[in-house]
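Trainee: Pasting in a structure now, in structure tokens, and then I'll have a few things to ask.
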Amino acid sequence: MDQGSGAGPHRARGCLGAPSCGARAPGAPWARFSAWLECVCVVTFDLELGQALELVYPSDFQLTDKEKSSICYLSFPDSHSGCLGDTQFCFRIRQCGGQRRPWHTDDRHCDSGAPVSLQREPAHYFGYVYFRQVKDSSVKRGYFQKPWALQSLVLVSRLPFVRLFQALLSLVAPEYFDKLAPCLEAVCNEIDQWPAPVPGQTLNLPVMGVVLQVHIPSSADKPESGPPKQCSHKNLLPAPVVLTSVHELDLFRCFRPVLAHVQLLWELMLLGEPLLVLAPSPAVSSEMVLALTSCLQPLKFCCDYRPYFTVHDSEFKEFTTRTQAPPSVVLGVTNPFFIKTLQHWPHVLRIGEPKMPGDLPKQIKLKKPSRLKTLDTKPGLYTAYTTYLHRDKALLRRLLKEHYMASLMPLQKSITPWKTPPQIHPFRQDDFLRSLERSGPQLTCLLKGDWLGLYRRFFKSPHFDGWYRQRHKEMAQKLEALHLEAICEANLEIWMQDKSEVEVVDLVLKLRERLVRAQGHQLPVKEATLKRARLYIETVVGSLPKDLQSVSWDGAVTQPLLPSGVRWSCQMPEALASELPASSRPALTTA
């Protein structure tokens, strides 16, 4: 655990079964488990051998050597953290070697309805840690040795459900430390029976004789919806423990030492500025980093962030290099060594020891970076940054109420059933800035400041790019859904009177393609519209000659037999082909 100790992680000693690669089919063992967790790890620390990955469960989940090393080092507080007894924290690591387990259809369905900030990570793992340090009489006392047993239970997941997994660990970890592997296997089997985390649903999750009741957030949830209501189940014993949220931290508690600078920190997060958070323990470090990155919601934090980071991390050199500007990352650390290593970073937040519960700690002071020189640097926010706006707790909510993006959406009256949907207008920064004069936040907010300057900086940050891409995707799906509704509301019988069989077949293919997308929850379409689309397909197919009616229109698009010797040169709907360059379009040819 010491920086420079030279002790490296060792191979897992107790992996059950032989590891194997590949995705778990929906009906395969551990398929439901993998909807929540990738695996559970047990890590121990030996005074002679260092960190050791004792167990990975289920045993068919395969980690690379680099991932194992990261999990081993990040599962323990470093030697500068005085963590005794039990403590919980979390870390986030980059997945190595690409995505090895393709997501199931259920995974995509869950993500499609979840807020963008709560969708599962495609390239990172979260590690939720329960660390225990207790006296161990079996350890011989040496001159430098202390008779302590150190062990961590780690839940590895792609889901940012920190509150849920911390609650789960608080139930499971104490039992595991007493009963070891049999207890862990039983818990994993229980999790494998849980329903999938579908957004918008309130679920009862039984584990170790306790039922956790949680509401999975949905993008359709209203801010005032509140915690889930307790459900009455006749056979549900004992009464469920209701979690008010699966992910939300107590932001007031997390920000207590920096309340005077929340506005400044929020601007740093919004603009994607690099920030080092030096805290007295991994628990404080991870909570502060998660609180900072979550304060942009409903925007997704699109920069990198590490709730807990150590000098042994495989990306240490990447983040500490002085040959280029600091990366857009929020690093949570506990080792003062980073103060010296990252002196060139423009923003450093050092948090002091936590005060007694209930006491409002003394607010840290704003200090110049030039005073950040020694390892014993006092608590403070070291930055030369000048805020664009004055402090206001409601700033984020008002800032996100923009009217310009909605103006890029084509008018609904311009959508006609027999033409390709109109394109979304491009985002032009100059037009947006001009729109602030008549609809900017300064009209409804008493807060004064350089709003235009803040927006111009925001345009250059990764968060604007992530927000814009997501909004553009949502608008494109809405536009396609409106086009499908327009087709379903049109009078098909009149339209088909003067149309050739080729045009009618093209309409079926177009309808079928949109219906498949809508049924896969990729389009926001009402069920009544889906039923009408199915009925229209049956009506149109019924009007075709017998030989075309016998063609299977379900599933993948097939190559139908067209009349008068006409055939498709490739299997692609005409509506899609029209969007390709002329040189690559499929053409209608005659035999």
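Letters A, B, ... mark the chains of the structure tokens in the order given; residue numbers begin at 1 per chain; ligand numbers begin at 1, in order shown.
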Do a neighbour search on range 193-206 of chain A at 6 Å with only C-alpha atoms, toss out local chain neighbours closer than 6 positions, and write the hits as a count of residues only.
Mentor: 10
Trainee: What parts of range 215-374 of chain A does DSSP call strand (DSSP E)? I'd like the answer as an NGL selection string.
Mentor: :A and (215 or 241-242 or 275-278 or 304-306 or 329-333 or 347-350 or 366-367)
Trainee: Let me see the file: selected residues, N, CA and C atoms, as a PDB file, in the first residue's frame.
Mentor:
ATOM      1  N   HIS A 215     -36.215   2.651  -6.647  1.00  0.00           N
ATOM      2  CA  HIS A 215     -36.808   3.154  -7.891  1.00  0.00           C
ATOM      3  C   HIS A 215     -35.675   3.406  -8.872  1.00  0.00           C
ATOM      4  N   VAL A 241     -36.798  -2.325   2.943  1.00  0.00           N
ATOM      5  CA  VAL A 241     -36.032  -1.135   3.311  1.00  0.00           C
ATOM      6  C   VAL A 241     -36.003  -0.227   2.085  1.00  0.00           C
ATOM      7  N   VAL A 242     -36.631   0.931   2.178  1.00  0.00           N
ATOM      8  CA  VAL A 242     -36.773   1.820   1.029  1.00  0.00           C
ATOM      9  C   VAL A 242     -35.555   2.724   0.916  1.00  0.00           C
ATOM     10  N   LEU A 275      -8.935  19.143 -12.178  1.00  0.00           N
ATOM     11  CA  LEU A 275      -9.006  19.437 -10.744  1.00  0.00           C
ATOM     12  C   LEU A 275      -8.451  18.263  -9.953  1.00  0.00           C
ATOM     13  N   LEU A 276      -7.556  18.569  -9.022  1.00  0.00           N
ATOM     14  CA  LEU A 276      -7.028  17.576  -8.097  1.00  0.00           C
ATOM     15  C   LEU A 276      -7.707  17.766  -6.745  1.00  0.00           C
ATOM     16  N   VAL A 277      -8.298  16.697  -6.214  1.00  0.00           N
ATOM     17  CA  VAL A 277      -8.946  16.729  -4.902  1.00  0.00           C
ATOM     18  C   VAL A 277      -8.103  15.885  -3.953  1.00  0.00           C
ATOM     19  N   LEU A 278      -7.457  16.541  -2.992  1.00  0.00           N
ATOM     20  CA  LEU A 278      -6.650  15.831  -1.995  1.00  0.00           C
ATOM     21  C   LEU A 278      -7.454  15.757  -0.703  1.00  0.00           C
ATOM     22  N   ASP A 304     -13.133  12.691 -17.992  1.00  0.00           N
ATOM     23  CA  ASP A 304     -12.730  11.563 -17.159  1.00  0.00           C
ATOM     24  C   ASP A 304     -12.761  11.989 -15.687  1.00  0.00           C
ATOM     25  N   TYR A 305     -12.991  11.050 -14.811  1.00  0.00           N
ATOM     26  CA  TYR A 305     -12.926  11.334 -13.375  1.00  0.00           C
ATOM     27  C   TYR A 305     -12.582  10.053 -12.634  1.00  0.00           C
ATOM     28  N   ARG A 306     -11.823  10.207 -11.559  1.00  0.00           N
ATOM     29  CA  ARG A 306     -11.385   9.089 -10.749  1.00  0.00           C
ATOM     30  C   ARG A 306     -11.673   9.405  -9.284  1.00  0.00           C
ATOM     31  N   VAL A 329      -9.629  16.058 -16.327  1.00  0.00           N
ATOM     32  CA  VAL A 329      -9.941  14.942 -15.437  1.00  0.00           C
ATOM     33  C   VAL A 329     -10.048  15.475 -14.010  1.00  0.00           C
ATOM     34  N   VAL A 330     -10.910  14.868 -13.217  1.00  0.00           N
ATOM     35  CA  VAL A 330     -11.016  15.163 -11.799  1.00  0.00           C
ATOM     36  C   VAL A 330     -10.422  13.978 -11.046  1.00  0.00           C
ATOM     37  N   LEU A 331      -9.324  14.204 -10.336  1.00  0.00           N
ATOM     38  CA  LEU A 331      -8.614  13.141  -9.633  1.00  0.00           C
ATOM     39  C   LEU A 331      -8.842  13.273  -8.133  1.00  0.00           C
ATOM     40  N   GLY A 332      -9.308  12.199  -7.502  1.00  0.00           N
ATOM     41  CA  GLY A 332      -9.422  12.161  -6.057  1.00  0.00           C
ATOM     42  C   GLY A 332      -8.289  11.343  -5.475  1.00  0.00           C
ATOM     43  N   VAL A 333      -7.481  11.935  -4.605  1.00  0.00           N
ATOM     44  CA  VAL A 333      -6.298  11.255  -4.058  1.00  0.00           C
ATOM     45  C   VAL A 333      -6.232  11.487  -2.553  1.00  0.00           C
ATOM     46  N   HIS A 347      -5.778  23.889 -10.753  1.00  0.00           N
ATOM     47  CA  HIS A 347      -6.770  23.892  -9.679  1.00  0.00           C
ATOM     48  C   HIS A 347      -6.528  22.690  -8.759  1.00  0.00           C
ATOM     49  N   VAL A 348      -6.330  22.962  -7.474  1.00  0.00           N
ATOM     50  CA  VAL A 348      -6.128  21.914  -6.476  1.00  0.00           C
ATOM     51  C   VAL A 348      -7.015  22.221  -5.279  1.00  0.00           C
ATOM     52  N   LEU A 349      -7.805  21.237  -4.876  1.00  0.00           N
ATOM     53  CA  LEU A 349      -8.664  21.373  -3.696  1.00  0.00           C
ATOM     54  C   LEU A 349      -8.156  20.428  -2.626  1.00  0.00           C
ATOM     55  N   ARG A 350      -7.675  20.999  -1.512  1.00  0.00           N
ATOM     56  CA  ARG A 350      -7.238  20.169  -0.395  1.00  0.00           C
ATOM     57  C   ARG A 350      -8.242  20.281   0.739  1.00  0.00           C
ATOM     58  N   LEU A 366      -9.792  30.454  -0.254  1.00  0.00           N
ATOM     59  CA  LEU A 366      -9.337  30.518  -1.639  1.00  0.00           C
ATOM     60  C   LEU A 366      -7.912  31.041  -1.642  1.00  0.00           C
ATOM     61  N   LYS A 367      -6.996  30.269  -2.248  1.00  0.00           N
ATOM     62  CA  LYS A 367      -5.577  30.623  -2.202  1.00  0.00           C
ATOM     63  C   LYS A 367      -4.985  30.583  -3.605  1.00  0.00           C
TER      64      LYS A 367
END
